[in-house]
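To start, the structure under review is shown below, and the notes come after it.
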Amino acid sequence: MKISVGIGVALFSLLLIGVGTWLYYLHKKKAASDPNLLGALKSLPGTPREFPFNDLKKATNNFDERHKLGQGGFGVVYKGLLTKENIQIAVKKFSRENIKGQDDFLSELTIINRLRHKHLVRLLGWCHKSGMLLLVYDYMPNGSLDSHLFHELEGNVILEWNLRYKIISGVASALHYLHNEYDQTVVHRDLKASNIMLDSEFNARLGDFGLARALENEKTSYAELEGVPGTMGYIAPECFHTGKATRESDVYGFGAVVLEVVCGQRPWTKIGGFQFLVDWVWSLHREGRILEAVDERLNGDYVAEEARRLLLLGLACSHPIASQRPKTQAIFQIISGLVPPPHVPPFRPSFVWPSAVGNVDVDASSADTIPITSGWTPQYISRDSLGTGENTGSSVSPF
């Protein structure tokens, strides 16, 4: 009996020592990482403004749930008011449960801090306090595009045609800036309606740069262990094979947004006997009835030539072969009416991998060429495509 008690005491002591050692390790790790993080923040080019934590706490009423604007894969966003400056803000609060939260924070801050464009959500600054990481953005009073398209805001009315066209034009301008006008190519990697914010005049502001990356060269790969980055319905088919983000994959996401805005239907909508919105629109195009795809809630109150132009553009951007998608400069010219709509074949081409045409970088050792119809099924999907309403695009993702 005494021996059993002795063994029990010894095991319990070892357990306490183990737990104590683990907690000490976590404390030391956090203590070591905080100075490194602060050093990285203060060395950022342009030195974004550092907000006192108490100011943000007060602005959001201690991060009250009633001030919550939405939740994405990288954090929770709260509405706030800086009383001294009388400025409304949006505060994005990151999780620091693991090192990934810190990486996400630095990634988004590093990218967005260097970007300046009227159709991007403007970063105001950052805050780091007691393990909490926060980014401060301009507040967008009209919320996200998808909340207007799908009546997720109280008192919401149908988004009229001229505003839809204006919003698409703004997003195209932002995408062209990211791909061509900044000193590095920046790929957004998660272009979707819930990441397009609307200011007080319904100007589009592209946000949520949590997945964005600056490409040093065209062969830069951003394959992730969790799966393909992005949201189902907006992810280009080649991404399921390469794990790479490219300008072409961003264009594919833009095409999905264009069709979503014009049709008033989500990309994965089962409609007209088809599994996806793009296939239904393509069938109407083939039959010469493409304008029947326009959102019926508009009751015919739209400009037919503009609608036809956008629908054809949306299909062209949704081409299964990456190299056949238009560049952002051509996209902007088409939307502006400077050039005619692109030629779109009557049948949606099959997705073929490896691509026989184009500039998608492929490992020569990859699988044999496999033709896949437009009803292709991905073998694995993004971590952001599972488990929550947001990942189907149904929730408001302020950034």
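Order determines the names: the first chain of the structure tokens is A, the second B, and so forth; residues in each chain are numbered 1 upward, and ligands are numbered 1 upward as they are shown.
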Counting only C-alpha atoms, what is within 12 Å of Ile87 in chain A, bar same-chain residues fewer than 3 positions away, as number ranges by chain?
A: 56, 59, 79-84, 90, 124, 136-141
Just write the chosen residues, C-alpha atoms, as a PDB file, in the first residue's frame.
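Printed below is result_21.pdb as written:
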```
ATOM      1  CA  LEU A  56      -9.343  51.237 -29.382  1.00  0.00           C
ATOM      2  CA  ALA A  59     -13.773  53.205 -29.337  1.00  0.00           C
ATOM      3  CA  LYS A  79     -16.984  49.112 -35.455  1.00  0.00           C
ATOM      4  CA  GLY A  80     -15.506  51.908 -33.390  1.00  0.00           C
ATOM      5  CA  LEU A  81     -15.542  55.663 -32.886  1.00  0.00           C
ATOM      6  CA  LEU A  82     -12.469  57.713 -32.017  1.00  0.00           C
ATOM      7  CA  THR A  83     -14.247  60.405 -30.017  1.00  0.00           C
ATOM      8  CA  LYS A  84     -11.366  62.887 -29.931  1.00  0.00           C
ATOM      9  CA  ALA A  90     -13.131  49.354 -38.204  1.00  0.00           C
ATOM     10  CA  LEU A 124      -5.054  53.726 -40.555  1.00  0.00           C
ATOM     11  CA  VAL A 136      -7.348  49.798 -37.769  1.00  0.00           C
ATOM     12  CA  TYR A 137      -9.091  50.602 -41.052  1.00  0.00           C
ATOM     13  CA  ASP A 138     -11.426  53.203 -42.469  1.00  0.00           C
ATOM     14  CA  TYR A 139     -14.999  52.288 -41.622  1.00  0.00           C
ATOM     15  CA  MET A 140     -17.144  51.447 -44.643  1.00  0.00           C
ATOM     16  CA  PRO A 141     -20.693  52.597 -43.787  1.00  0.00           C
TER      17      PRO A 141
END
```
| task | Skip Leu178 in chain A itself and residues of its chain fewer than 6 positions away, then list as a PyMOL selection string all residues within 12 Å of it, counting only C-alpha atoms. | result | chain A and resi 111-112+114-117+119-120+171-172+184-189+206+209+212-215+246-247+250-251+328-329
Could you write out the selected residues, including N, CA and C atoms, as a PDB file, in the first residue's frame?
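Wrote result_35.pdb, looks like this:
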```pdb
ATOM      1  N   ILE A 111       1.534  44.102 -46.408  1.00  0.00           N
ATOM      2  CA  ILE A 111       1.006  44.332 -47.752  1.00  0.00           C
ATOM      3  C   ILE A 111       0.216  45.634 -47.818  1.00  0.00           C
ATOM      4  N   ILE A 112      -0.807  45.763 -46.996  1.00  0.00           N
ATOM      5  CA  ILE A 112      -1.734  46.882 -47.117  1.00  0.00           C
ATOM      6  C   ILE A 112      -1.080  48.208 -46.752  1.00  0.00           C
ATOM      7  N   ARG A 114       1.657  49.375 -47.693  1.00  0.00           N
ATOM      8  CA  ARG A 114       2.390  49.954 -48.824  1.00  0.00           C
ATOM      9  C   ARG A 114       1.490  50.326 -49.990  1.00  0.00           C
ATOM     10  N   LEU A 115       0.226  49.964 -49.917  1.00  0.00           N
ATOM     11  CA  LEU A 115      -0.668  50.178 -51.051  1.00  0.00           C
ATOM     12  C   LEU A 115      -1.456  51.472 -50.895  1.00  0.00           C
ATOM     13  N   ARG A 116      -1.586  52.203 -51.989  1.00  0.00           N
ATOM     14  CA  ARG A 116      -2.331  53.453 -51.985  1.00  0.00           C
ATOM     15  C   ARG A 116      -3.210  53.505 -53.228  1.00  0.00           C
ATOM     16  N   HIS A 117      -4.495  53.330 -53.048  1.00  0.00           N
ATOM     17  CA  HIS A 117      -5.417  53.387 -54.183  1.00  0.00           C
ATOM     18  C   HIS A 117      -6.817  53.695 -53.658  1.00  0.00           C
ATOM     19  N   HIS A 119      -9.600  52.663 -54.492  1.00  0.00           N
ATOM     20  CA  HIS A 119     -10.534  51.539 -54.427  1.00  0.00           C
ATOM     21  C   HIS A 119     -10.023  50.396 -53.543  1.00  0.00           C
ATOM     22  N   LEU A 120      -9.123  50.727 -52.618  1.00  0.00           N
ATOM     23  CA  LEU A 120      -8.686  49.780 -51.592  1.00  0.00           C
ATOM     24  C   LEU A 120      -9.082  50.332 -50.225  1.00  0.00           C
ATOM     25  N   VAL A 171     -13.709  47.734 -58.671  1.00  0.00           N
ATOM     26  CA  VAL A 171     -12.941  46.527 -58.341  1.00  0.00           C
ATOM     27  C   VAL A 171     -11.912  46.244 -59.428  1.00  0.00           C
ATOM     28  N   ALA A 172     -12.306  46.430 -60.691  1.00  0.00           N
ATOM     29  CA  ALA A 172     -11.371  46.223 -61.803  1.00  0.00           C
ATOM     30  C   ALA A 172     -10.189  47.179 -61.699  1.00  0.00           C
ATOM     31  N   GLN A 184       5.570  45.902 -57.044  1.00  0.00           N
ATOM     32  CA  GLN A 184       5.574  44.446 -57.120  1.00  0.00           C
ATOM     33  C   GLN A 184       4.170  43.986 -57.478  1.00  0.00           C
ATOM     34  N   THR A 185       4.087  42.849 -58.156  1.00  0.00           N
ATOM     35  CA  THR A 185       2.768  42.275 -58.405  1.00  0.00           C
ATOM     36  C   THR A 185       2.200  41.755 -57.089  1.00  0.00           C
ATOM     37  N   VAL A 186       1.024  42.219 -56.742  1.00  0.00           N
ATOM     38  CA  VAL A 186       0.346  41.752 -55.535  1.00  0.00           C
ATOM     39  C   VAL A 186      -0.873  40.943 -55.954  1.00  0.00           C
ATOM     40  N   VAL A 187      -0.948  39.704 -55.507  1.00  0.00           N
ATOM     41  CA  VAL A 187      -2.134  38.888 -55.765  1.00  0.00           C
ATOM     42  C   VAL A 187      -2.990  38.872 -54.504  1.00  0.00           C
ATOM     43  N   HIS A 188      -4.269  39.081 -54.691  1.00  0.00           N
ATOM     44  CA  HIS A 188      -5.175  39.175 -53.544  1.00  0.00           C
ATOM     45  C   HIS A 188      -5.501  37.804 -52.971  1.00  0.00           C
ATOM     46  N   ARG A 189      -5.777  36.848 -53.841  1.00  0.00           N
ATOM     47  CA  ARG A 189      -6.000  35.437 -53.501  1.00  0.00           C
ATOM     48  C   ARG A 189      -7.352  35.123 -52.861  1.00  0.00           C
ATOM     49  N   LEU A 206     -11.740  47.353 -52.159  1.00  0.00           N
ATOM     50  CA  LEU A 206     -11.305  45.972 -51.980  1.00  0.00           C
ATOM     51  C   LEU A 206     -10.578  45.840 -50.651  1.00  0.00           C
ATOM     52  N   PHE A 209      -6.815  41.662 -46.886  1.00  0.00           N
ATOM     53  CA  PHE A 209      -5.548  41.265 -47.496  1.00  0.00           C
ATOM     54  C   PHE A 209      -4.840  40.207 -46.655  1.00  0.00           C
ATOM     55  N   ALA A 212      -3.296  37.960 -49.139  1.00  0.00           N
ATOM     56  CA  ALA A 212      -2.540  38.598 -50.220  1.00  0.00           C
ATOM     57  C   ALA A 212      -1.041  38.357 -50.086  1.00  0.00           C
ATOM     58  N   ARG A 213      -0.381  38.313 -51.216  1.00  0.00           N
ATOM     59  CA  ARG A 213       1.071  38.153 -51.243  1.00  0.00           C
ATOM     60  C   ARG A 213       1.645  38.990 -52.382  1.00  0.00           C
ATOM     61  N   ALA A 214       2.860  39.502 -52.161  1.00  0.00           N
ATOM     62  CA  ALA A 214       3.599  40.172 -53.226  1.00  0.00           C
ATOM     63  C   ALA A 214       4.469  39.138 -53.914  1.00  0.00           C
ATOM     64  N   LEU A 215       4.372  39.058 -55.225  1.00  0.00           N
ATOM     65  CA  LEU A 215       5.142  38.073 -55.975  1.00  0.00           C
ATOM     66  C   LEU A 215       6.494  38.651 -56.365  1.00  0.00           C
ATOM     67  N   THR A 246      -1.811  33.348 -58.736  1.00  0.00           N
ATOM     68  CA  THR A 246      -1.283  34.117 -59.859  1.00  0.00           C
ATOM     69  C   THR A 246      -2.242  35.249 -60.190  1.00  0.00           C
ATOM     70  N   ARG A 247      -1.802  36.123 -61.079  1.00  0.00           N
ATOM     71  CA  ARG A 247      -2.704  37.160 -61.567  1.00  0.00           C
ATOM     72  C   ARG A 247      -3.915  36.534 -62.250  1.00  0.00           C
ATOM     73  N   ASP A 250      -6.507  35.426 -59.786  1.00  0.00           N
ATOM     74  CA  ASP A 250      -7.257  36.593 -59.319  1.00  0.00           C
ATOM     75  C   ASP A 250      -8.323  36.992 -60.331  1.00  0.00           C
ATOM     76  N   VAL A 251      -7.960  36.958 -61.615  1.00  0.00           N
ATOM     77  CA  VAL A 251      -8.911  37.309 -62.674  1.00  0.00           C
ATOM     78  C   VAL A 251     -10.095  36.347 -62.665  1.00  0.00           C
ATOM     79  N   THR A 328      -5.849  42.487 -66.768  1.00  0.00           N
ATOM     80  CA  THR A 328      -6.627  43.525 -66.093  1.00  0.00           C
ATOM     81  C   THR A 328      -6.739  44.804 -66.917  1.00  0.00           C
ATOM     82  N   GLN A 329      -5.734  45.114 -67.719  1.00  0.00           N
ATOM     83  CA  GLN A 329      -5.827  46.310 -68.560  1.00  0.00           C
ATOM     84  C   GLN A 329      -6.955  46.160 -69.573  1.00  0.00           C
TER      85      GLN A 329
END
```
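CA of Ala293 in chain A to CA of Cys263 in chain A spans 5.6 Å [interatomic distance, one decimal].
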With distances taken over only C-alpha atoms, the candidate from A:Leu149, A:Met197, A:Val344, A:Leu191 nearest Arg122 in chain A is A:Met197
List every residue of range 192-312 of chain A that DSSP, applied to the backbone of this structure, assigns to strand (DSSP E), and report them as a count of residues only.
9
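When CA of His148 in chain A is paired with CA of Leu69 in chain A, their separation reads 14.5 Å.
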Note to self: Give me, as a ChimeraX atom specification, all polymer residues having an atom no more than 12 Å from Tyr252 in chain A, counting only C-alpha atoms and skipping those fewer than 3 positions away in the same chain.
What the structure shows: /A:175,187-192,230-239,245-249,255-259,267,278,313-328,331
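Shell of Phe347 in chain A at 12 Å, with only C-alpha atoms counted and residues fewer than 2 places along the chain excluded, is Val278, Asp279, Trp280, Val281, Trp282, Ser283, Leu284, His285, Arg286, Glu287, Gly288, Leu315, Ala316, His319, Pro320, His343, Val344, Pro345, Pro349, Ser350, Thr373 and Ser374 of chain A.
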Keeping only C-alpha atoms, write the selected residues as a PDB file, in the first residue's frame.
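The resulting part-v3.pdb:
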```pdb
ATOM      1  CA  VAL A 278     -21.108  30.141 -64.660  1.00  0.00           C
ATOM      2  CA  ASP A 279     -22.346  27.026 -66.490  1.00  0.00           C
ATOM      3  CA  TRP A 280     -25.903  28.340 -66.575  1.00  0.00           C
ATOM      4  CA  VAL A 281     -24.806  31.717 -67.955  1.00  0.00           C
ATOM      5  CA  TRP A 282     -22.645  29.967 -70.539  1.00  0.00           C
ATOM      6  CA  SER A 283     -25.624  27.896 -71.691  1.00  0.00           C
ATOM      7  CA  LEU A 284     -27.712  31.049 -72.126  1.00  0.00           C
ATOM      8  CA  HIS A 285     -24.869  32.589 -74.122  1.00  0.00           C
ATOM      9  CA  ARG A 286     -24.786  29.545 -76.386  1.00  0.00           C
ATOM     10  CA  GLU A 287     -28.527  29.852 -76.996  1.00  0.00           C
ATOM     11  CA  GLY A 288     -28.341  33.593 -77.698  1.00  0.00           C
ATOM     12  CA  LEU A 315     -17.442  34.351 -68.850  1.00  0.00           C
ATOM     13  CA  ALA A 316     -14.102  35.311 -70.413  1.00  0.00           C
ATOM     14  CA  HIS A 319     -12.203  30.539 -68.813  1.00  0.00           C
ATOM     15  CA  PRO A 320     -10.905  27.210 -67.454  1.00  0.00           C
ATOM     16  CA  HIS A 343     -15.114  36.765 -77.876  1.00  0.00           C
ATOM     17  CA  VAL A 344     -16.547  33.913 -75.852  1.00  0.00           C
ATOM     18  CA  PRO A 345     -16.938  30.437 -77.404  1.00  0.00           C
ATOM     19  CA  PRO A 349     -13.930  24.752 -72.836  1.00  0.00           C
ATOM     20  CA  SER A 350     -12.903  21.729 -70.814  1.00  0.00           C
ATOM     21  CA  THR A 373     -15.323  18.983 -67.894  1.00  0.00           C
ATOM     22  CA  SER A 374     -16.689  22.176 -66.432  1.00  0.00           C
TER      23      SER A 374
END
```
note - CA of Ser144 in chain A and CA of Leu198 in chain A are separated by 5.9 Å
Restricting to only C-alpha atoms, whichever of A:Leu109, A:Ala304, A:Ala193, A:Ala204 is closest to Ser147 in chain A is A:Ala193
(message) DSSP on the backbone, helix (DSSP H, G or I) only: what residues of range 120-368 of chain A does that give? Format it as a PyMOL selection string.
(response) chain A and resi 145-149+161-181+193-195+239-242+247-263+277-286+290-293+296-298+304-317+322-324+328-335
Env of Gly170 in chain A: 10 Å cut, atoms = only C-alpha atoms, seq-sep filter 3 positions within chain, self excluded. Answer as a count of residues only. 18
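Contact shell of Cys127 in chain A at 9 Å (only C-alpha atoms; same-chain neighbours under 4 positions omitted): Arg49, Glu50, Phe51, Pro52, Phe53, Leu56, Met132, Leu133, Leu134, Leu135 and Val136 of chain A.
Closest approach to Leu163 in chain A among A:Gln88, A:Val262, A:Leu291, A:His67: A:Val262, based on only C-alpha atoms.
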